[in-house]
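Okay, final03.tsv now, which holds TSV, C-alpha atoms:
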chain	number	residue	atom	x	y	z
A	1	MET	CA	0.00	0.00	0.00
A	2	ILE	CA	2.79	2.39	0.95
A	3	VAL	CA	4.64	1.55	-2.27
A	4	ILE	CA	1.51	2.23	-4.37
A	5	PHE	CA	0.95	5.54	-2.58
A	6	PHE	CA	4.60	6.47	-3.13
A	7	LEU	CA	4.39	5.63	-6.85
A	8	MET	CA	1.18	7.67	-7.20
A	9	ALA	CA	2.79	10.61	-5.46
A	10	CYS	CA	5.84	10.38	-7.73
A	11	SER	CA	3.65	10.21	-10.81
A	12	GLN	CA	1.69	13.32	-9.78
A	13	HIS	CA	4.91	15.12	-8.97
A	14	ALA	CA	6.44	14.23	-12.34
A	15	GLU	CA	3.32	15.51	-14.12
A	16	GLY	CA	3.90	18.94	-12.66
A	17	LEU	CA	7.60	19.01	-13.39
A	18	LYS	CA	9.38	19.97	-16.54
A	19	ILE	CA	9.36	17.39	-19.30
A	20	LYS	CA	12.58	17.86	-21.20
A	21	ALA	CA	12.38	17.81	-24.99
A	22	VAL	CA	11.69	14.27	-26.04
A	23	LYS	CA	13.01	14.80	-29.54
A	24	ASP	CA	15.12	17.31	-31.44
A	25	THR	CA	15.63	17.61	-35.16
A	26	THR	CA	16.71	20.11	-37.80
A	27	ILE	CA	14.46	21.19	-40.66
A	28	CYS	CA	15.95	23.54	-43.30
A	29	ASN	CA	18.89	24.04	-40.89
A	30	ILE	CA	16.52	25.25	-38.18
A	31	PRO	CA	16.73	23.36	-34.87
A	32	MET	CA	13.27	22.15	-33.90
A	33	VAL	CA	11.78	20.36	-30.90
A	34	LEU	CA	8.83	18.02	-30.86
A	35	VAL	CA	5.67	19.01	-29.01
A	36	PRO	CA	3.48	15.91	-28.72
A	37	ALA	CA	-0.30	16.04	-28.93
A	38	GLY	CA	-1.92	16.37	-25.56
A	39	PRO	CA	-3.09	18.69	-22.83
A	40	TYR	CA	-1.76	22.12	-21.99
A	41	LYS	CA	-2.69	25.11	-19.88
A	42	LYS	CA	-4.15	28.14	-21.60
A	43	GLY	CA	-4.37	31.82	-20.71
A	44	LEU	CA	-4.26	33.71	-17.42
A	45	THR	CA	-6.48	31.24	-15.58
A	46	CYS	CA	-4.57	28.21	-16.84
A	47	GLU	CA	-7.68	26.68	-18.31
A	48	SER	CA	-7.13	23.07	-19.44
A	49	ASP	CA	-7.12	22.55	-23.18
A	50	ALA	CA	-5.52	20.11	-25.60
A	51	ILE	CA	-3.93	20.00	-29.03
A	52	ALA	CA	-4.81	16.90	-31.01
A	53	TYR	CA	-1.69	16.59	-33.16
A	54	ASP	CA	2.09	16.53	-32.78
A	55	PHE	CA	4.08	19.45	-34.13
A	56	TRP	CA	7.63	20.66	-34.42
A	57	ILE	CA	8.44	24.14	-33.18
A	58	GLY	CA	11.63	26.17	-33.44
A	59	LYS	CA	13.92	25.58	-30.51
A	60	TYR	CA	15.00	29.22	-30.88
A	61	GLU	CA	13.75	32.39	-32.49
A	62	ILE	CA	14.80	32.76	-36.14
A	63	THR	CA	18.22	34.41	-36.19
A	64	ASN	CA	19.73	37.18	-38.31
A	65	ARG	CA	21.86	34.58	-40.08
A	66	GLN	CA	18.83	32.43	-40.94
A	67	PHE	CA	16.75	35.42	-41.98
A	68	ALA	CA	19.54	36.84	-44.16
A	69	GLU	CA	19.96	33.43	-45.83
A	70	PHE	CA	16.24	33.41	-46.49
A	71	LEU	CA	16.38	36.90	-48.02
A	72	LYS	CA	19.25	35.87	-50.30
A	73	ALA	CA	17.54	32.69	-51.48
A	74	ALA	CA	14.11	34.29	-51.81
A	75	LEU	CA	15.51	37.23	-53.80
A	76	SER	CA	17.34	34.91	-56.17
A	77	LYS	CA	14.08	33.05	-56.82
A	78	ARG	CA	12.12	36.33	-57.14
A	79	PHE	CA	9.93	35.19	-54.24
A	80	ILE	CA	10.46	38.65	-52.73
A	81	TYR	CA	11.86	41.90	-54.15
A	82	VAL	CA	13.65	45.02	-52.93
A	83	LYS	CA	12.28	48.53	-53.22
A	84	ASP	CA	13.31	51.67	-51.33
A	85	SER	CA	15.62	49.91	-48.85
A	86	SER	CA	13.02	47.32	-47.89
A	87	ALA	CA	12.24	43.79	-49.00
A	88	TYR	CA	8.64	43.16	-50.10
A	89	TYR	CA	6.47	40.07	-50.40
A	90	ASN	CA	3.37	39.58	-52.51
A	91	TYR	CA	1.05	38.19	-49.86
A	92	VAL	CA	-1.83	36.14	-51.25
A	93	GLY	CA	-4.26	37.63	-48.76
A	94	SER	CA	-6.68	36.16	-46.27
A	95	ASN	CA	-10.34	36.63	-45.51
A	96	ILE	CA	-9.59	39.95	-43.79
A	97	VAL	CA	-6.19	41.04	-45.17
A	98	PRO	CA	-6.24	41.99	-48.85
A	99	ALA	CA	-3.73	40.46	-51.26
A	100	ALA	CA	-0.98	43.02	-51.90
A	101	ALA	CA	2.77	43.65	-51.70
A	102	TYR	CA	3.72	44.09	-48.05
A	103	ARG	CA	7.02	44.96	-46.45
A	104	VAL	CA	9.13	42.07	-45.14
A	105	ARG	CA	11.87	43.99	-43.42
A	106	GLN	CA	13.60	47.32	-43.54
A	107	PHE	CA	17.31	46.90	-44.33
A	108	ASP	CA	19.59	48.39	-41.69
A	109	ASN	CA	22.99	47.74	-40.15
A	110	GLU	CA	21.99	44.31	-38.82
A	111	ILE	CA	20.81	43.04	-42.20
A	112	LEU	CA	22.12	45.12	-45.08
A	113	PHE	CA	21.34	45.12	-48.81
A	114	HIS	CA	24.27	46.32	-50.92
A	115	ASN	CA	25.18	45.69	-54.59
A	116	ASP	CA	22.30	43.24	-54.94
A	117	THR	CA	23.56	41.11	-52.07
A	118	VAL	CA	22.31	40.60	-48.51
A	119	TYR	CA	24.82	40.90	-45.67
A	120	PHE	CA	24.37	40.47	-41.95
A	121	ASP	CA	26.39	41.79	-39.05
A	122	PRO	CA	28.51	38.75	-38.07
A	123	GLY	CA	28.51	39.93	-34.45
A	124	LEU	CA	24.73	39.57	-34.40
A	125	ALA	CA	24.48	36.44	-36.55
A	126	ASP	CA	22.97	34.31	-33.79
A	127	HIS	CA	20.76	37.01	-32.32
A	128	PRO	CA	17.05	36.91	-33.18
A	129	ALA	CA	16.03	38.63	-36.41
A	130	VAL	CA	13.99	41.62	-35.27
A	131	ASN	CA	12.41	44.50	-37.14
A	132	VAL	CA	10.61	41.75	-39.05
A	133	THR	CA	7.03	42.51	-40.03
A	134	TRP	CA	4.28	39.93	-39.74
A	135	PHE	CA	4.45	39.57	-43.54
A	136	GLY	CA	8.20	39.03	-43.28
A	137	ALA	CA	7.66	36.19	-40.85
A	138	LYS	CA	4.92	34.79	-43.07
A	139	ALA	CA	7.12	35.03	-46.20
A	140	PHE	CA	9.89	33.11	-44.42
A	141	CYS	CA	7.41	30.39	-43.46
A	142	ASP	CA	5.89	30.18	-46.93
A	143	PHE	CA	9.32	29.94	-48.56
A	144	TYR	CA	10.48	26.98	-46.46
A	145	GLY	CA	7.14	25.26	-45.89
A	146	PHE	CA	6.68	26.28	-42.25
A	147	ASP	CA	3.85	28.06	-40.50
A	148	LEU	CA	3.71	30.66	-37.79
A	149	PRO	CA	2.53	29.11	-34.53
A	150	GLN	CA	-1.04	29.57	-33.47
A	151	GLU	CA	-1.36	31.13	-30.02
A	152	SER	CA	-2.46	27.74	-28.64
A	153	GLU	CA	0.60	25.97	-30.09
A	154	TRP	CA	2.86	28.70	-28.77
A	155	GLU	CA	1.43	28.43	-25.24
A	156	LYS	CA	1.67	24.64	-25.23
A	157	ALA	CA	5.28	24.81	-26.34
A	158	ALA	CA	6.00	27.48	-23.72
A	159	ARG	CA	4.68	25.81	-20.57
A	160	GLY	CA	3.09	22.49	-21.51
A	161	ASN	CA	0.60	21.33	-18.93
A	162	ASN	CA	2.09	23.36	-16.08
A	163	ASN	CA	0.47	26.33	-14.35
A	164	TYR	CA	3.67	28.29	-14.75
A	165	TRP	CA	3.76	32.05	-15.19
A	166	PHE	CA	6.94	31.71	-17.26
A	167	PRO	CA	8.26	28.75	-19.29
A	168	TRP	CA	10.54	27.60	-16.44
A	169	GLY	CA	8.36	28.36	-13.42
A	170	ASN	CA	6.86	31.30	-11.56
A	171	ASN	CA	9.88	33.35	-10.56
A	172	ILE	CA	11.83	35.70	-12.75
A	173	ASP	CA	14.94	37.79	-12.46
A	174	SER	CA	17.55	39.07	-14.87
A	175	THR	CA	19.33	35.70	-15.04
A	176	TYR	CA	16.32	34.17	-16.87
A	177	ALA	CA	15.45	36.51	-19.71
A	178	ASN	CA	16.31	39.57	-21.73
A	179	TYR	CA	13.83	42.34	-20.93
A	180	TYR	CA	13.89	46.10	-20.43
A	181	ASN	CA	16.83	47.11	-18.30
A	182	SER	CA	17.62	43.50	-17.34
A	183	GLY	CA	21.33	44.23	-17.27
A	184	ASP	CA	22.56	41.47	-19.58
A	185	PRO	CA	25.97	41.82	-21.23
A	186	PHE	CA	24.34	42.83	-24.55
A	187	GLU	CA	22.27	45.75	-23.23
A	188	PRO	CA	20.39	47.50	-24.70
A	189	GLY	CA	19.97	44.97	-27.51
A	190	THR	CA	18.98	41.38	-28.13
A	191	THR	CA	20.92	38.45	-26.67
A	192	PRO	CA	22.07	35.46	-28.76
A	193	VAL	CA	19.28	32.89	-29.01
A	194	GLY	CA	19.53	30.28	-26.26
A	195	PHE	CA	21.70	32.57	-24.15
A	196	TYR	CA	19.69	31.87	-20.96
A	197	SER	CA	20.70	28.23	-20.69
A	198	GLY	CA	22.50	28.18	-17.36
A	199	GLN	CA	25.79	29.18	-18.99
A	200	LYS	CA	28.17	31.74	-17.57
A	201	PHE	CA	29.14	34.47	-20.05
A	202	LYS	CA	32.04	36.57	-18.78
A	203	ASP	CA	30.80	37.47	-15.27
A	204	PHE	CA	27.12	37.05	-16.11
A	205	GLN	CA	25.59	33.83	-14.79
A	206	THR	CA	22.38	32.81	-16.57
A	207	SER	CA	19.67	30.45	-15.37
A	208	ASP	CA	18.32	27.65	-17.53
A	209	ALA	CA	15.17	29.23	-18.98
A	210	VAL	CA	14.20	26.24	-21.10
A	211	SER	CA	10.51	25.45	-21.69
A	212	PRO	CA	9.11	21.99	-20.87
A	213	TYR	CA	9.67	20.84	-24.45
A	214	GLY	CA	13.10	22.37	-24.90
A	215	CYS	CA	12.44	25.83	-26.38
A	216	TYR	CA	14.48	28.88	-25.42
A	217	ASP	CA	13.67	32.60	-25.36
A	218	MET	CA	9.93	32.09	-25.03
A	219	ALA	CA	10.08	34.89	-22.48
A	220	GLY	CA	11.89	38.03	-23.57
A	221	ASN	CA	14.47	38.78	-26.26
A	222	ALA	CA	12.05	39.16	-29.23
A	223	TRP	CA	8.26	39.37	-29.32
A	224	GLU	CA	7.09	36.50	-31.48
A	225	TRP	CA	4.45	36.79	-34.18
A	226	THR	CA	1.67	34.21	-34.23
A	227	SER	CA	-0.82	33.35	-36.97
A	228	ASP	CA	-3.83	34.23	-34.79
A	229	TYR	CA	-5.81	37.37	-35.48
A	230	TRP	CA	-7.04	39.44	-32.55
A	231	THR	CA	-10.59	38.69	-33.57
A	232	PRO	CA	-11.96	37.07	-36.72
A	233	THR	CA	-12.46	40.56	-38.16
A	234	THR	CA	-9.45	42.41	-36.73
A	235	PRO	CA	-6.49	42.19	-39.13
A	236	TYR	CA	-3.80	42.32	-36.48
A	237	ASN	CA	-1.88	39.28	-35.36
A	238	LYS	CA	-1.02	38.48	-31.78
A	239	GLY	CA	2.53	38.70	-30.45
A	240	LYS	CA	3.72	36.49	-27.59
A	241	GLY	CA	6.59	36.26	-25.15
A	242	GLY	CA	7.67	39.85	-24.59
A	243	GLY	CA	10.70	41.66	-25.94
A	244	PHE	CA	13.97	43.17	-24.86
A	245	ALA	CA	13.28	46.78	-25.73
A	246	TYR	CA	10.94	48.28	-23.14
A	247	HIS	CA	8.81	45.51	-21.70
A	248	THR	CA	9.30	44.43	-18.11
A	249	PRO	CA	8.75	40.92	-16.67
A	250	ALA	CA	4.96	41.31	-16.35
A	251	PHE	CA	4.70	41.26	-20.14
A	252	LEU	CA	6.86	38.16	-20.52
A	253	GLN	CA	4.28	35.85	-18.94
A	254	VAL	CA	3.07	32.98	-21.11
A	255	TYR	CA	-0.58	34.09	-21.09
A	256	TYR	CA	0.12	37.66	-22.11
A	257	VAL	CA	-0.57	38.96	-25.62
A	258	SER	CA	1.02	42.02	-27.18
A	259	ALA	CA	-1.28	45.00	-27.14
A	260	PHE	CA	1.26	47.58	-28.14
A	261	GLY	CA	0.20	50.25	-30.56
A	262	THR	CA	-1.24	53.65	-31.00
A	263	SER	CA	-4.76	52.26	-31.08
A	264	THR	CA	-4.89	48.50	-30.87
A	265	ALA	CA	-1.80	46.86	-32.32
A	266	PRO	CA	0.92	47.82	-34.78
A	267	PRO	CA	0.17	47.60	-38.49
A	268	LEU	CA	1.42	44.31	-39.77
A	269	ASP	CA	4.00	45.81	-42.12
A	270	MET	CA	5.57	48.08	-39.52
A	271	CYS	CA	9.06	47.09	-38.40
A	272	HIS	CA	9.45	47.14	-34.67
A	273	LEU	CA	12.80	46.80	-32.96
A	274	SER	CA	11.78	43.84	-30.82
A	275	ASP	CA	9.50	41.87	-33.17
A	276	GLY	CA	10.74	38.49	-34.36
A	277	PHE	CA	9.31	34.98	-34.70
A	278	ARG	CA	9.79	31.23	-34.51
A	279	VAL	CA	8.29	28.64	-36.83
A	280	VAL	CA	6.24	25.45	-36.60
A	281	ARG	CA	5.66	22.44	-38.78
A	282	ARG	CA	2.61	20.36	-38.01
A	283	MET	CA	2.32	16.61	-38.35
A	284	ARG	CA	-1.28	16.09	-39.42
B	1	MET	CA	-7.02	31.64	27.45
B	2	LYS	CA	-10.58	32.95	27.00
B	3	ASN	CA	-9.24	36.49	26.80
B	4	CYS	CA	-6.85	35.45	24.06
B	5	ILE	CA	-9.68	33.96	22.03
B	6	TYR	CA	-11.73	37.15	22.43
B	7	ILE	CA	-8.80	39.28	21.32
B	8	VAL	CA	-8.23	37.13	18.24
B	9	LEU	CA	-11.94	37.26	17.40
B	10	LEU	CA	-11.97	41.06	17.82
B	11	MET	CA	-8.92	41.37	15.59
B	12	LEU	CA	-10.58	39.22	12.93
B	13	LEU	CA	-13.77	41.28	13.09
B	14	ALA	CA	-11.78	44.50	12.85
B	15	SER	CA	-9.85	43.22	9.86
B	16	CYS	CA	-13.13	42.44	8.05
B	17	GLY	CA	-13.79	46.18	7.88
B	18	ASP	CA	-10.37	46.88	6.43
B	19	GLU	CA	-10.05	46.70	2.69
B	20	LYS	CA	-6.74	45.23	1.78
B	21	ARG	CA	-4.24	47.62	0.31
B	22	ILE	CA	-1.50	46.56	-2.05
B	23	ALA	CA	1.82	45.90	-0.39
B	24	ALA	CA	5.09	44.68	-1.83
B	25	GLY	CA	4.88	40.96	-2.51
B	26	ASP	CA	1.13	40.84	-3.23
B	27	GLU	CA	-0.17	39.25	-6.41
B	28	VAL	CA	-2.19	41.91	-8.19
B	29	HIS	CA	-4.42	41.78	-11.26
B	30	LEU	CA	-5.02	45.15	-12.87
B	31	PHE	CA	-6.17	46.98	-15.97
B	32	PHE	CA	-4.02	49.81	-17.23
B	33	THR	CA	-3.43	52.27	-20.01
B	34	LEU	CA	-0.13	54.04	-20.59
B	35	LYS	CA	-0.10	57.18	-22.70
B	36	ASN	CA	2.78	59.34	-23.76
B	37	SER	CA	2.90	63.06	-23.02
B	38	ARG	CA	1.05	63.76	-26.27
B	39	GLY	CA	-1.85	61.67	-25.02
B	40	MET	CA	-1.17	58.81	-27.43
B	41	ARG	CA	-1.89	55.34	-26.04
B	42	MET	CA	1.25	53.22	-26.18
B	43	ASP	CA	0.25	50.15	-24.19
B	44	GLY	CA	-2.66	48.85	-22.22
B	45	SER	CA	-5.15	46.18	-21.25
B	46	PHE	CA	-7.81	47.21	-23.73
B	47	GLN	CA	-7.42	44.90	-26.70
B	48	PRO	CA	-9.64	44.26	-29.69
B	49	SER	CA	-10.69	40.94	-28.20
B	50	GLY	CA	-11.56	42.51	-24.83
B	51	LYS	CA	-9.78	43.52	-21.65
B	52	LEU	CA	-6.79	41.44	-20.70
B	53	PRO	CA	-5.71	41.86	-17.04
B	54	LEU	CA	-2.06	42.27	-16.26
B	55	ARG	CA	-0.85	40.02	-13.43
B	56	ILE	CA	2.10	41.15	-11.35
B	57	ILE	CA	3.84	40.75	-8.03
B	58	ALA	CA	3.87	44.24	-6.51
B	59	GLY	CA	7.24	45.73	-5.70
B	60	LYS	CA	9.16	42.95	-7.46
B	61	HIS	CA	10.20	44.79	-10.63
B	62	PHE	CA	7.44	43.29	-12.77
B	63	LEU	CA	6.77	46.82	-14.02
B	64	ILE	CA	8.70	50.02	-14.71
B	65	GLU	CA	9.57	51.69	-11.44
B	66	GLY	CA	6.99	54.49	-11.58
B	67	PHE	CA	4.15	52.06	-12.34
B	68	ASP	CA	5.22	49.71	-9.55
B	69	GLU	CA	5.33	52.57	-7.05
B	70	ALA	CA	1.98	54.01	-8.16
B	71	ILE	CA	-0.05	50.96	-7.20
B	72	ILE	CA	1.36	50.43	-3.72
B	73	GLY	CA	-1.40	51.21	-1.20
B	74	MET	CA	-4.26	50.96	-3.71
B	75	ARG	CA	-7.36	48.87	-2.94
B	76	GLU	CA	-9.41	46.48	-5.04
B	77	LYS	CA	-11.62	48.31	-7.57
B	78	GLU	CA	-9.75	51.55	-6.95
B	79	LYS	CA	-8.83	53.59	-10.03
B	80	LYS	CA	-6.05	56.10	-10.35
B	81	ILE	CA	-4.60	58.39	-12.98
B	82	CYS	CA	-1.07	59.63	-12.40
B	83	ARG	CA	2.00	60.88	-14.20
B	84	ILE	CA	5.24	58.89	-14.29
B	85	ALA	CA	8.42	60.93	-14.55
B	86	PRO	CA	10.91	59.91	-17.28
B	87	ASP	CA	13.51	58.75	-14.75
B	88	LYS	CA	10.97	56.19	-13.45
B	89	ALA	CA	9.86	55.23	-16.97
B	90	TYR	CA	12.06	54.97	-20.08
B	91	GLY	CA	14.55	57.79	-19.47
B	92	ASN	CA	16.39	58.96	-22.53
B	93	ASN	CA	15.89	55.76	-24.56
B	94	GLY	CA	12.40	56.37	-25.88
B	95	VAL	CA	10.41	53.76	-27.79
B	96	PHE	CA	10.04	53.77	-31.58
B	97	PHE	CA	9.00	51.93	-34.71
B	98	LEU	CA	10.56	52.20	-38.14
B	99	ASP	CA	7.79	53.59	-40.31
B	100	SER	CA	7.32	52.90	-44.02
B	101	ALA	CA	9.68	55.75	-44.86
B	102	ALA	CA	12.34	54.05	-42.74
B	103	SER	CA	12.47	56.82	-40.19
B	104	LYS	CA	12.00	56.37	-36.47
B	105	GLU	CA	8.46	56.97	-35.33
B	106	TYR	CA	8.70	57.57	-31.60
B	107	VAL	CA	5.83	56.37	-29.48
B	108	ILE	CA	7.65	57.56	-26.38
B	109	LEU	CA	10.09	60.38	-26.95
B	110	PRO	CA	13.40	60.40	-25.10
B	111	ASN	CA	12.85	61.90	-21.63
B	112	ASP	CA	9.09	61.77	-22.06
B	113	SER	CA	6.83	61.42	-19.05
B	114	LEU	CA	3.91	58.97	-19.15
B	115	GLU	CA	0.31	59.09	-18.04
B	116	LEU	CA	-0.81	55.95	-16.24
B	117	GLU	CA	-4.45	55.01	-15.80
B	118	VAL	CA	-4.81	51.97	-13.57
B	119	GLU	CA	-7.68	49.99	-12.07
B	120	ILE	CA	-7.03	47.29	-9.48
B	121	ILE	CA	-9.04	44.14	-10.15
B	122	LYS	CA	-7.78	41.71	-7.56
B	123	ILE	CA	-5.27	41.59	-4.72
B	124	GLY	CA	-4.09	38.23	-3.48
B	125	HIS	CA	-1.32	36.41	-1.77
B	126	ALA	CA	1.53	35.42	-4.07
B	127	ASP	CA	2.69	31.82	-3.89
B	128	HIS	CA	6.09	32.87	-5.12
B	129	ASP	CA	9.29	32.54	-3.12
Can you turn what I pasted into structure tokens?
Amino acid sequence: MIVIFFLMACSQHAEGLKIKAVKDTTICNIPMVLVPAGPYKKGLTCESDAIAYDFWIGKYEITNRQFAEFLKAALSKRFIYVKDSSAYYNYVGSNIVPAAAYRVRQFDNEILFHNDTVYFDPGLADHPAVNVTWFGAKAFCDFYGFDLPQESEWEKAARGNNNYWFPWGNNIDSTYANYYNSGDPFEPGTTPVGFYSGQKFKDFQTSDAVSPYGCYDMAGNAWEWTSDYWTPTTPYNKGKGGGFAYHTPAFLQVYYVSAFGTSTAPPLDMCHLSDGFRVVRRMR
Amino acid sequence: MKNCIYIVLLMLLASCGDEKRIAAGDEVHLFFTLKNSRGMRMDGSFQPSGKLPLRIIAGKHFLIEGFDEAIIGMREKEKKICRIAPDKAYGNNGVFFLDSAASKEYVILPNDSLELEVEIIKIGHADHD
């Protein structure tokens, strides 16, 4: 009887603990982790919900190196084009966003377009690609056969079936994530993806901020675009995870959704200094 | 012994009349709107899909300093409008987008003060360490 009780207690304890990534792979040179079908906790109240299919999700946010490689390849195949210092994508449209050419990204010092070639700052190669519009994230996905995560997929990947406030638990300090004024060695910019892994960088000791399925940077660094609209008739997409630029830990919680903007949310082709993304590939 | 019980009961009755005020370490749910000095909304709980409460631990750096300080002592359902000085907000950094002409469109100018409108929804005990 005691043994049975002990085993039951262990099983319940394990359920609430982190489940490390059960599987890793690389798709189009992008490290991915497997999120198996099953239950997860949704929103502020941690309502129980479930996703009925397995999916792969980016272990990290898409980096400058990966985004620059995409721009090069997509330009050479005329999938996108350059006009007035920006890359553009002919988006096919949706039921509420008209088909048109939309901006992918403004070229700048991090990702530069010069003499018909795309360059990236090698010092920022493994930092998340930011200043990417929603259409830029969508173009990347369409080019390689990925999708942007739905909000539900993003939340499941971020905390699984735990009631956590953040991917790793309920507490936060500057060793876990890159947020406004967090004092990391790369202030006031982005940190390399996967930086908060428990490593020590110079004198800066990080904590392991991994999600239950093995994702990094799901709190802070770059806001991440999702495929979900605010409402079925509101042509703005939700951002998750919080960013480095001016958001504090409250906005890095898994349930939170970006509401930044002059009225409701930023226009989808506006480049914001902390907007990036990660990708998913579904198995259904 | 009896006296002790009476005292405890009296203290409990007295505390029923006291509305809890936010203290450092409390879990707080709130609605807010932050506007820049030009009156332009730059962040807030009012979203197209409805109001989304912000959950924080008071006094634990979940918010910019001026916001965190402004809610200390507030009660449930209390509303407040106050100004946050730049040194307790975003200082000389500012916040900006790159607009379609590739120039910086500041939502918060460097050294701008902010207007905070806040409504306390719920005050509770935080289970955090």
Distance-based interface of chain B with chain A, 10 Å, counting all atoms listed in the file, as an mmCIF file with C-alpha atoms, in the frame of the given file:
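Below is the file out.cif, written as the result:
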data_model
loop_
_atom_site.group_PDB
_atom_site.id
_atom_site.type_symbol
_atom_site.label_atom_id
_atom_site.label_comp_id
_atom_site.auth_asym_id
_atom_site.auth_seq_id
_atom_site.Cartn_x
_atom_site.Cartn_y
_atom_site.Cartn_z
ATOM 1 C CA LYS B 35 -0.100 57.180 -22.700
ATOM 2 C CA MET B 40 -1.170 58.810 -27.430
ATOM 3 C CA ARG B 41 -1.890 55.340 -26.040
ATOM 4 C CA MET B 42 1.250 53.220 -26.180
ATOM 5 C CA ASP B 43 0.250 50.150 -24.190
ATOM 6 C CA GLY B 44 -2.660 48.850 -22.220
ATOM 7 C CA SER B 45 -5.150 46.180 -21.250
ATOM 8 C CA PHE B 46 -7.810 47.210 -23.730
ATOM 9 C CA GLN B 47 -7.420 44.900 -26.700
ATOM 10 C CA PRO B 48 -9.640 44.260 -29.690
ATOM 11 C CA SER B 49 -10.690 40.940 -28.200
ATOM 12 C CA GLY B 50 -11.560 42.510 -24.830
ATOM 13 C CA LEU B 52 -6.790 41.440 -20.700
ATOM 14 C CA PRO B 53 -5.710 41.860 -17.040
ATOM 15 C CA LEU B 54 -2.060 42.270 -16.260
ATOM 16 C CA ARG B 55 -0.850 40.020 -13.430
ATOM 17 C CA ILE B 56 2.100 41.150 -11.350
ATOM 18 C CA ILE B 57 3.840 40.750 -8.030
ATOM 19 C CA LYS B 60 9.160 42.950 -7.460
ATOM 20 C CA HIS B 61 10.200 44.790 -10.630
ATOM 21 C CA PHE B 62 7.440 43.290 -12.770
ATOM 22 C CA LEU B 63 6.770 46.820 -14.020
ATOM 23 C CA ILE B 64 8.700 50.020 -14.710
ATOM 24 C CA GLU B 65 9.570 51.690 -11.440
ATOM 25 C CA ALA B 89 9.860 55.230 -16.970
ATOM 26 C CA TYR B 90 12.060 54.970 -20.080
ATOM 27 C CA ASN B 93 15.890 55.760 -24.560
ATOM 28 C CA GLY B 94 12.400 56.370 -25.880
ATOM 29 C CA VAL B 95 10.410 53.760 -27.790
ATOM 30 C CA PHE B 96 10.040 53.770 -31.580
ATOM 31 C CA PHE B 97 9.000 51.930 -34.710
ATOM 32 C CA LEU B 98 10.560 52.200 -38.140
ATOM 33 C CA ASP B 99 7.790 53.590 -40.310
ATOM 34 C CA SER B 100 7.320 52.900 -44.020
ATOM 35 C CA ALA B 101 9.680 55.750 -44.860
ATOM 36 C CA ALA B 102 12.340 54.050 -42.740
ATOM 37 C CA LYS B 104 12.000 56.370 -36.470
ATOM 38 C CA GLU B 105 8.460 56.970 -35.330
ATOM 39 C CA VAL B 107 5.830 56.370 -29.480
ATOM 40 C CA ASP B 127 2.690 31.820 -3.890
ATOM 41 C CA HIS B 128 6.090 32.870 -5.120
ATOM 42 C CA ASP B 129 9.290 32.540 -3.120
#
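Nearest residue to Glu76 in chain B among B:Ala23, B:Leu34, B:Ser113, B:Ile123 is B:Ile123, counting only C-alpha atoms.
Take the candidates A:Asp116, A:Asp275, A:Asp184, A:Glu153 and check each one against Gln205 in chain A using only C-alpha atoms; the shortest distance goes to A:Asp184.
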*What separation in Å, quoted to one decimal, exists between CA of Ile62 in chain A and CA of Gly38 in chain A?*
25.7 Å
*asked:* Quick one: residues within 10 Å of range 138-140 of chain A, only C-alpha atoms, excluding same-chain residues fewer than 3 positions away - as JSON, numbers by chain?
replied: {"A": [62, 66, 67, 70, 71, 74, 79, 80, 88, 89, 90, 91, 102, 103, 104, 132, 133, 134, 135, 143, 144, 145, 146, 147, 148, 225, 226, 227, 277, 279]}
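Picture a line from CA of Val130 in chain A to CA of Thr25 in chain A; it runs 24.1 Å.
In terms of minimum interatomic distance to Asp49 in chain A, A:Lys156 ranks closest within A:Phe113, A:Lys156, A:Ser76, A:Gln150, counting all atoms listed in the file.
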